[in-house]
Each structure stands twice: as C-alpha cells, then as structure tokens.
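In what follows, a structure is listed as structure tokens, so that the remarks can point back to it.
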Amino acid sequence: MKQFLTIFKFEFLGLVKTKTYIVTTTIFVLIAVIGLSIPSFFGEIETSDAKDTLVEQLTSKVDYIVYDPDGVLDDEGETLKMYFPNAKFKTADSLDALKKSVSDEKADGGFYVKENYSFTYYVYDSSMTDVTNTIFSEAISQVKRNHAFDEAGLDANKVMDIYYKNTSIGKTEILGSDGANNFFYTIVMILIIYMITVMYGNVIATTVASEKGNRTMELLVTSASTNALIFGKVLATALAAFIQVGMFVGSTFLAYSLNASAWNGMLDAMFNIPTSVLVAFAVFGIFGFLFYAFIFGALGALVSKSEDVNSSATPITVVFVAIYLVVYLGVMDPTNTIFKIASFIPLSSPMAMFARMAMVDVPIFEVLISFGILIVSTVLVGMGASKIYRRGTLMYGNQIKLLHALKWLKRTKE
Amino acid sequence: MKLEVKGIRKKFDGTEVLHGISFDAEAGKALGLLGRNGAGKTTTIRILMDVFKATSGEVLIDGKPFVAKDYKIGYMPEERGMYPKKKVLQQLIYFGELRGISAQEAKTNAKELMKKLEIEEYTNRKLETLSKGNQQKVQLAQTLICNPDIVILDEPFSGLDPVNSQILKNLIDEQIKKGKLVIFSSHQMSYVEEFCEDIVIVNRGEIVLKGNLDAIQKDLGEKKIILNANNYTLQELETLCIDRLSKEVAIEGKKKDFLILQLLNGYSKKDFLEKLNSISVDIELFGDYKPTLTDIFVWKTGDEQ
C-alpha cells in the first residue's frame with residue numbers, strides 16, 4: 001500500500017505540475033467562464049421562445065422573384081403577405097430571367113409556380129436553416145384551398161376565420177425522462193467521457209512506453225510490485241483527469257449560475273441535469289475511465305518507444321470510436337435494443353447507461369446490474385493489464401501484438 | 001548473510017539459456033560475476049531480482065528461500081535508466097521511498113551520496129542535462145539510496161573516466177567494508193580483481209569456473225613459469241622449447257615480454273633452471289606465473305573464437 005501511495009503521489013504530482021496540464025485546465029476554465037459571461041458584458045439575451053425565433057427568421061426582409069405563367073398567384077397577394085409579411089415579391093417574365101436574378105443575387109430566392117400548384121424553389125446558396133420552401137409550400141397550399149373554396153361557393157375568408165378561431169392547445173406531461181430536453185447535455189457528457197478517456201488513455205500508454213524507452217522500467221519493476229505500479233499510475237492519471245473535468249464542469253455551472261439572469265434562462269435545460277443522471281455520469285465515467293486506462297497502460301507496455309504508442313493503441317481507439325457512434329445514435333433513438341444492450345457491456349456502458357438514463361426511464365435494477373458488471377470487469381481488466389504490463393515491460397524490440405499478449409494471461413510462470 | 005544460487009535453469013520460449021547455475025555469495029565480500037556478452041549474467045541477476053522466475057532451481061538466503069522484495073537491495077541494472085526529465089534529487093527520493101525508506105531519510109541519504117560522488121551541485125537539475133558520467137553516478141546513488149544489505153551492480157564502470165571510476169571504486173569498497181553482500185558484474189577485469197574475493201565465470205549459460213580468485217590464480221599458475229632470455233628472441237626461445245625442451249615444458253602462452261611454460265613430467269623449477277644453464281640460455285626473466293583474471297577469462301570463455 002505504501003508503494004502504491006508513493007507511486008500515486010509521484011505520478012499525480014508529475015502530471016498536474018506539467019505546463020501542459022496547467023495551461024489546458026486554465027484554458028478550459030476560461031472558456032467556460034468567459035463564454036458564459038458574454039451576455040453580462042454585452043447585454044442580456046432577449047427572452048424569446050422557439051416560435052418567435054422561427055417567425056423572426058421567416059419574416060426578415062427579403063426579396064423574392066416569382067415566375068407564374070399560369071397566374072396561379074393572381075389576386076393572392078394577401079395570402080403571400082400572411083406567410084411572408086416582410087417579403088417583396090417581384091415577377092419574372094421567364095424562368096431564365098428568374099434564374100438570372102437569383103444567380104446575380106438580385107433576389108434572395110425565386111419560385112417557379114406551375115398550373116397544378118406545384119412549384120420549384122430556386123436559391124443561390126442554401127443554408128441548413130432555410131425553411132423558405134416549407135413556408136412557401138404552406139402558402140401555395142392555402143392558395144389552392146382558397147381556389148377550392150371559391151369553386152364550392154364558399155367564402156374563403158369566413159372558412160379560414162372559423163378554422164383559426166377553433167383550435168385547442170394540449171400540453172405534454174412527462175412521467176419518465178424528457179428526451180428532447182435532455183438531448184443536448186447528454187451529448188456533451190458523452191463527449192466529455194470520450195475525450196477524457198482517449199486523451200488520458202494515451203497519456204498513460206505514452207508514460208509506460210517512455211519508461212520502457214528510457215530504461216527506467218527495470219528499476220521500477222525491481223523496486224515496486226507491478227500491481228502498485230500500474231494501479232498507482234492509472235489512478236493518479238484518473239484523479240488528474242477528474243480534477244480537470246471537475247474544474248471545467250464546476251466552473252461552467254458556477255459561471256452560468258452567476259450569469260443566469262443575463263441568459264434569461266436560455267440554457268436552463270442544459271444545466272438542469274437530474275441528480276440521478278449526474279451521479280450515473282460520475283460513477284460510470286470514473287469506472288469506465290479506469291477500465292480503458294488499464295487497457296491503455298497494458299498497450300503502452302507492448303511497445304518499446306513512445307512513438308509506437310499510436311499504432312499499439314489504434315485497435316482499442318477504433319473500438320472506442322465505434323462505441324461512441326453507437327451511443328450517439330442510441331441517444332437519437334433511446335428505445336433501440338442495441339443501445340440497451342450497449343448499456344450493459346462494460347466497453348460501452350460507461351457512456352451508454354447514463355445516456356439511457358437521461359433519455360428514457362431506466363429501472364434501478366438495470367443500472368445496478370450494469371454497474372456491477374462494469375466494476376467486476378474493471379477489476380479483471382486491471383489484473384490482466386498488470387500481468388501484461390509485467391511481461392511486456394522488459395521485452396524490447398518489435399511491437400508485441402495484443403493477441404499474443406493476451407496469451408500471457410493464461411500462463412502463470414515466467 | 002549468505003546467498004546460495006542452486007541449479008538455476010531458465011527457458012525463454014522453449015530455449016534454455018541458463019543450464020543449472022550454482023554459486024554462493026557472502027556478506028562482506030564481493031562476488032565477481034563474469035562472462036562474455038550473452039553468457040547469461042544479466043538473466044541470472046534478473047532472476048535474483050525477481051524480474052524473471054527461474055524455470056527450475058532455487059535461490060536461498062541463510063538457508064531460506066530468497067524473496068527479493070523482503071530485502072533492501074541496491075540494484076544497478078546493465079540497462080541504465082531513470083527519468084530524464086525529472087530533477088535528480090526528486091527521483092532519488094522517489095526510488096528511496098519505493099525501496100521502503102521515508103522521504104526524509106531518502107533525502108538525507110541522497111544528499112550524502114551525491115556529496116561523496118561529487119555531484120551535489122546537480123540536485124535540482126534534470127537528469128538529461130547531466131553528462132553521461134554524472135548520470136552514471138546518479139545511478140549509483142539510486143542504487144545505494146536505501147542503505148541496502150545486498151548490492152548488485154551490473155557493469156558499474158562502463159562509460160566512466162579514470163577519475164570518476166576511482167570515486168565509484170571508493171564507494172563500492174566502502175560497501176564491502178560495511179559488510180554488504182556485493183555482486184559485481186563487469187568486463188573490466190582490473191576492477192574485478194581489485195574488489196572481488198570470489199569469482200564466477202559464466203559461459204553460454206553454464207558456470208565454467210568459480211571460487212576464490214587467489215586460489216584460482218594459484219591453482220591455474222601451478223607448475224607454470226615465465227621465461228625470457230638475453231641471448232634469444234622470444235621467437236627463438238619458443239623454437240628452442242619446442243625442439244629441445246619438449247620433455248621438460250610445454251608452451252602455454254606468449255606475452256609481449258615472456259613465454260608462459262608448463263612444467264612437465266615432474267620437472268621442478270630448479271631442475272628446469274639447471275637444464276637451461278646446461279644449454280647456455282642466458283636467463284633474463286624466470287619465475288612463477290600468476291595468471292591475470294583476463295588470462296583466466298580468455299582461457300575459459302574465449303575458446304570458440
């Protein structure tokens with residue numbers, strides 16, 4: 001135990017005293033604090049809901065050009081104005097004239113309206129948020145309805161008046177998890193686990209490989225037990241990583257709470273994370289990190305130089321990226337069976353279980369079973385990593401393949 | 001304290017590299033573990049240090065199984081290595097703590113050793129900024145940091161100039177005088193002769209010679225004489241021995257200034273001297289031959305060359 005504490009302290013202080021660690025932690029904290037304080041410096045964010053934002057987007061002053069050879073839109077100026085209140089509509093003599101006007105950016109967009117009420121929307125550069133086509137589709141549908149009312153001898157204005165005055169608004173009462181609301185912070189938390197595991201996993205592998213490369217390893221393995229060495233190294237790195245994440249997350253929460261009024265509650269959904277999800281994120285994150293950190297430690301022992309760490313760590317990094325994608329897609333469709341299975345497999349449960357908890361209601365026994373599997377797996381991986389580390393540390397020369405190293409786990413005497 | 005290595009065998013991937021190594025080492029004495037490159041010295045040392053497990057055989061200390069972690073051992077491996085980017089004192093304290101002493105004691109010991117090794121001004125320097133010789137001294141300081149009972153040194157003098165070698169010699173000598181059990185591996189035979197009472201020569205994974213160095217030298221020098229003459233060149237003297245003195249002596253070797261001869265057929269030195277006089281050899285040099293350790297080493301390990 002004394003050796004473990006000595007190694008833990010040496011590795012921890014060695015890591016947190018480096019300029020890289022201090023600078024990156026400071027940058028993370030500054031980004032969080034400055035980013036969330038911007039509204040306080042430059043004036044508070046105006047309160048607006050999603051509907052207002054959409055209307056704002058759709059009613060900004062724009063110029064459109066229309067080519068309507070069959071006169072579908074004749075006498076429908078009011079209808080267009082209802083859907084595009086701030087837009088100016090000009091008419092084009094031909095489709096080519098319409099296209100030229102759009103290409104020359106004299107018009108923000110153009111519509112070629114056909115006799116059967118179908119239309120083509122022309123735009124020079126289309127943005128991801130451009131919903132003009134949808135709105136125009138609504139407008140042209142209304143035009144079609146107006147014509148149908150006229151043909152049926154009905155007063156279109158009266159019909160629409162009845163239509164709009166007789167609506168009902170329902171509300172949703174969520175008994176489980178609010179997936180739509182929780183989506184954003186879940187993705188951020190998954191990303192945190194992903195980044196911290198890959199980043200610090202590589203730090204561990206590189207440290208081990210460096211100790212082999214500079215031949216410190218023989219002194220270490222003759223001075224301390226390999227269990228103390230790998231557990232001390234992994235746990236020290238884990239603590240350094242958690243402090244960094246903790247400072248980032250903590251400063252983010254603190255900065256938002258101090259600037260909440262300036263944000264007008266705009267990011268409340270992002271920060272109102274249920275305690276159960278936060279706890280699951282912490283415990284699954286910690287054990288998941290340790291699970292992968294032991295693997296990275298063993299992989300570092302399979303190469304002779306720190307430059308070779310990347311090639312050694314590639315297989316597990318690829319697996320981890322694949323798991324990240326599975327979890328990401330699972331968050332989009334949280335009832336997916338693959339996502340549920342992933343929340344029990346120790347390779348993926350560190351990201352998948354808390355994400356499932358954030359998106360849907362997960363029975364507590366499932367959480368406990370997944371956590372139990374993760375703990376047992378982490379201990380087994382730690383013991384296996386210690387064996388591989390013990391054997392790999394004094395083997396120099398060509399990189400040892402992971403499959404070959406796994407055979408060492410079966411042998412006891414060497 | 002007595003360390004006994006009994007019939008150690010070691011296989012790597014089915015190939016046996018040590019074929020039953022046995023020797024003893026005692027406290028207050030230095031044992032020289034010698035052998036050509038790849039002979040099995042480092043593997044033997046690594047088995048003592050519990051880096052590798054022996055395939056068979058045992059290591060005992062005072063008659064009980066030897067478990068390295070239960071003893072304070074100062075180990076200087078052949079592959080030198082400490083943290084290049086860490087400060088010297090910081091890592092000496094670290095290695096001291098790993099070997100079971102307190103940080104304070106490690107600090108005190110480190111400073112004392114650094115002073116003896118004349119590197120005290122490098123306390124707060126990163127190891128990589130030191131010269132190779134001074135890095136070597138830091139290695140010796142880490143070896144002795146825990147005031148070990150057993151000191152195992154694998155090629156401690158490689159890369160050192162004569163002045164630094166002398167400083168190192170003094171420190172190793174101090175350990176022997178303090179009654180530590182010292183095992184010493186080196187290719188520099190003069191140092192081994194200077195420190196070691198006992199030697200073990202390993203060749204191709206087997207012990208080819210072991211015992212007290214003086215006794216070995218006496219034994220191997222028995223009935224051997226050295227000879228040179230004023231009225232013959234060495235080449236002429238060699239021809240003379242082969243042509244006219246083959247019943248009395250056999251040529252064992254030839255050095256720059258003399259021949260090494262083995263007395264045959266019960267001839268004594270006195271008989272041979274009279275014989276030389278009778279054939280008018282004007283003797284320049286005549287006496288007992290005491291082989292150097294280098295001679296012994298080459299005889300025992302160099303036969304394949």
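Just so we're on the same page: first chain in the structure tokens is A, next is B, and so on; residues restart at 1 for each chain, and ligands are numbered from 1 in the order they show up.
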- Picked from range 14-250 of chain B by DSSP as helix (DSSP H, G or I), as a ChimeraX atom specification: /B:41-48,68-70,88-98,103-116,120-122,127-129,132-144,162-177,189-195,213-221,234-244
- Message: So that I can check the surroundings of Arg390 in chain A, please list as a ChimeraX atom specification every protein, DNA and RNA residue that reaches within 9 Å of it, counting only C-alpha atoms and ignoring chain neighbours fewer than 4 positions away.
- Response: /A:221,226-227,298,301,385-386,394 /B:51
Restricted to C-alpha atoms, what would the selected residues look like written as a short mmCIF file (atom, residue, chain, number, x, y, z; two decimals), in the first residue's frame?
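Result file follows (part24.cif):
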```
data_model
loop_
_atom_site.label_atom_id
_atom_site.label_comp_id
_atom_site.auth_asym_id
_atom_site.auth_seq_id
_atom_site.Cartn_x
_atom_site.Cartn_y
_atom_site.Cartn_z
CA VAL A 221 9.84 -3.34 -11.54
CA THR A 226 3.75 -4.26 -10.84
CA ASN A 227 0.27 -4.05 -9.31
CA ALA A 298 -1.04 -2.58 -20.96
CA ALA A 301 3.92 -1.93 -22.28
CA ALA A 385 -3.26 -5.37 -17.50
CA SER A 386 -0.91 -5.84 -14.56
CA LEU A 394 11.14 -5.84 -20.18
CA VAL B 51 12.31 -9.80 -12.62
#
```
- Task: Find the residues in chain A near chain B: any atom within 12 Å counts, using only C-alpha atoms. Write them as a VMD selection string.
- Result: chain A and resid 1 to 11 13 to 15 17 to 18 207 to 208 210 to 226 228 to 229 390 to 396 408 412 to 414
Once you have the residues from the selection above, write them out as a tab-separated table (two decimals), in the first residue's frame, restricted to N, CA and C atoms.
```
chain	number	residue	atom	x	y	z
A	1	MET	N	0.83	-1.21	0.00
A	1	MET	CA	0.00	0.00	0.00
A	1	MET	C	0.87	1.26	0.00
A	2	LYS	N	1.99	1.19	0.76
A	2	LYS	CA	2.87	2.35	0.85
A	2	LYS	C	3.48	2.65	-0.53
A	3	GLN	N	3.86	1.55	-1.20
A	3	GLN	CA	4.44	1.72	-2.54
A	3	GLN	C	3.40	2.33	-3.49
A	4	PHE	N	2.17	1.83	-3.38
A	4	PHE	CA	1.11	2.36	-4.24
A	4	PHE	C	0.95	3.86	-4.00
A	5	LEU	N	0.92	4.27	-2.74
A	5	LEU	CA	0.73	5.69	-2.42
A	5	LEU	C	1.91	6.53	-2.92
A	6	THR	N	3.12	5.96	-2.79
A	6	THR	CA	4.31	6.68	-3.27
A	6	THR	C	4.21	6.89	-4.79
A	7	ILE	N	3.86	5.82	-5.49
A	7	ILE	CA	3.75	5.90	-6.96
A	7	ILE	C	2.62	6.85	-7.34
A	8	PHE	N	1.50	6.70	-6.65
A	8	PHE	CA	0.33	7.55	-6.91
A	8	PHE	C	0.71	9.03	-6.78
A	9	LYS	N	1.38	9.35	-5.69
A	9	LYS	CA	1.75	10.75	-5.42
A	9	LYS	C	2.73	11.26	-6.49
A	10	PHE	N	3.75	10.43	-6.78
A	10	PHE	CA	4.77	10.81	-7.76
A	10	PHE	C	4.14	11.05	-9.13
A	11	GLU	N	3.30	10.12	-9.55
A	11	GLU	CA	2.68	10.23	-10.87
A	11	GLU	C	1.70	11.40	-10.92
A	13	LEU	N	1.56	14.19	-8.99
A	13	LEU	CA	2.22	15.50	-8.97
A	13	LEU	C	2.99	15.72	-10.27
A	14	GLY	N	3.58	14.64	-10.79
A	14	GLY	CA	4.31	14.75	-12.04
A	14	GLY	C	3.41	15.22	-13.18
A	15	LEU	N	2.15	14.83	-13.12
A	15	LEU	CA	1.20	15.17	-14.18
A	15	LEU	C	0.62	16.58	-13.98
A	17	LYS	N	1.70	19.04	-12.34
A	17	LYS	CA	2.65	20.15	-12.33
A	17	LYS	C	3.18	20.49	-13.71
A	18	THR	N	2.80	19.70	-14.71
A	18	THR	CA	3.31	19.99	-16.05
A	18	THR	C	2.62	21.24	-16.60
A	207	THR	N	3.30	7.24	-21.15
A	207	THR	CA	4.17	7.23	-19.97
A	207	THR	C	4.83	5.86	-19.81
A	208	VAL	N	4.02	4.81	-19.94
A	208	VAL	CA	4.56	3.45	-19.78
A	208	VAL	C	5.61	3.19	-20.86
A	210	SER	N	7.38	5.34	-22.48
A	210	SER	CA	8.57	6.16	-22.23
A	210	SER	C	9.45	5.51	-21.18
A	211	GLU	N	8.82	4.96	-20.15
A	211	GLU	CA	9.61	4.32	-19.09
A	211	GLU	C	10.36	3.10	-19.65
A	212	LYS	N	9.74	2.45	-20.63
A	212	LYS	CA	10.46	1.35	-21.29
A	212	LYS	C	11.58	1.94	-22.15
A	213	GLY	N	11.22	2.97	-22.90
A	213	GLY	CA	12.18	3.56	-23.83
A	213	GLY	C	13.42	4.10	-23.14
A	214	ASN	N	13.22	4.78	-21.99
A	214	ASN	CA	14.40	5.34	-21.31
A	214	ASN	C	14.96	4.38	-20.26
A	215	ARG	N	14.49	3.16	-20.28
A	215	ARG	CA	15.02	2.08	-19.43
A	215	ARG	C	14.83	2.29	-17.93
A	216	THR	N	13.87	3.14	-17.56
A	216	THR	CA	13.57	3.32	-16.14
A	216	THR	C	12.83	2.09	-15.62
A	217	MET	N	12.21	1.37	-16.55
A	217	MET	CA	11.31	0.28	-16.18
A	217	MET	C	11.97	-0.79	-15.32
A	218	GLU	N	13.21	-1.14	-15.66
A	218	GLU	CA	13.85	-2.22	-14.91
A	218	GLU	C	14.04	-1.82	-13.45
A	219	LEU	N	14.36	-0.55	-13.25
A	219	LEU	CA	14.49	-0.08	-11.86
A	219	LEU	C	13.14	-0.12	-11.16
A	220	LEU	N	12.11	0.28	-11.89
A	220	LEU	CA	10.78	0.33	-11.28
A	220	LEU	C	10.28	-1.05	-10.89
A	221	VAL	N	10.40	-2.01	-11.83
A	221	VAL	CA	9.84	-3.34	-11.54
A	221	VAL	C	10.66	-4.09	-10.50
A	222	THR	N	11.91	-3.64	-10.28
A	222	THR	CA	12.70	-4.28	-9.22
A	222	THR	C	12.56	-3.53	-7.89
A	223	SER	N	11.89	-2.39	-7.95
A	223	SER	CA	11.73	-1.60	-6.72
A	223	SER	C	10.31	-1.68	-6.17
A	224	ALA	N	9.35	-1.99	-7.04
A	224	ALA	CA	7.95	-2.00	-6.59
A	224	ALA	C	7.19	-3.10	-7.31
A	225	SER	N	6.06	-3.49	-6.73
A	225	SER	CA	5.25	-4.52	-7.37
A	225	SER	C	4.58	-3.93	-8.60
A	226	THR	N	4.36	-4.77	-9.61
A	226	THR	CA	3.75	-4.26	-10.84
A	226	THR	C	2.31	-3.82	-10.59
A	228	ALA	N	1.24	-2.35	-7.87
A	228	ALA	CA	1.34	-0.99	-7.32
A	228	ALA	C	1.68	-0.01	-8.43
A	229	LEU	N	2.55	-0.44	-9.37
A	229	LEU	CA	2.97	0.47	-10.44
A	229	LEU	C	1.81	0.83	-11.35
A	390	ARG	N	3.62	-6.52	-16.63
A	390	ARG	CA	4.77	-7.20	-16.02
A	390	ARG	C	5.62	-7.89	-17.07
A	391	ARG	N	4.95	-8.58	-18.00
A	391	ARG	CA	5.67	-9.31	-19.04
A	391	ARG	C	6.20	-8.37	-20.11
A	392	GLY	N	5.38	-7.39	-20.45
A	392	GLY	CA	5.74	-6.54	-21.59
A	392	GLY	C	6.83	-5.54	-21.27
A	393	THR	N	6.94	-5.16	-20.02
A	393	THR	CA	7.84	-4.06	-19.68
A	393	THR	C	9.30	-4.33	-20.00
A	394	LEU	N	9.73	-5.58	-19.93
A	394	LEU	CA	11.14	-5.84	-20.18
A	394	LEU	C	11.40	-6.50	-21.53
A	395	MET	N	10.36	-6.49	-22.38
A	395	MET	CA	10.54	-7.05	-23.72
A	395	MET	C	10.74	-5.90	-24.69
A	396	TYR	N	11.90	-5.90	-25.30
A	396	TYR	CA	12.22	-4.82	-26.23
A	396	TYR	C	12.24	-5.36	-27.65
A	408	TRP	N	-0.51	-14.39	-22.57
A	408	TRP	CA	0.25	-14.36	-21.32
A	408	TRP	C	-0.66	-14.51	-20.11
A	412	THR	N	1.12	-18.71	-15.94
A	412	THR	CA	1.37	-18.19	-14.60
A	412	THR	C	2.86	-18.05	-14.32
A	413	LYS	N	3.65	-18.93	-14.92
A	413	LYS	CA	5.07	-18.91	-14.57
A	413	LYS	C	5.90	-18.34	-15.70
A	414	GLU	N	6.57	-17.24	-15.45
A	414	GLU	CA	7.55	-16.71	-16.41
A	414	GLU	C	8.46	-15.73	-15.69
```
- Item | Point-to-point distance from CA of Glu105 in chain B to CA of Asn147 in chain B, Å rounded to tenths |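 Distance reported for this atom pair: 10.0 Å.
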- Message: Excluding Ser141 in chain A and its own-chain neighbours fewer than 5 positions away, which residues fall within 12 Å of it when counting only C-alpha atoms? Please give them as a PyMOL selection string.
- Response: chain A and resi 72-73+76+79-80+83+113+116-119+134-136+146-148
- Task: Give the answer as one residue: which of B:Tyr232, B:Phe286, B:Phe23, B:Tyr122 has the shortest atom-to-atom distance to Ile260 in chain B, using only C-alpha atoms?
- Result: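 Of B:Tyr232, B:Phe286, B:Phe23, B:Tyr122, the one nearest Ile260 in chain B is B:Phe286, counting only C-alpha atoms.
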- Message: Just want the 7 Å neighbourhood of Val5 in chain B, counted on only C-alpha atoms, with same-chain residues fewer than 5 positions away dropped. Output as a PyMOL selection string.
- Response: chain B and resi 22-24+58-60
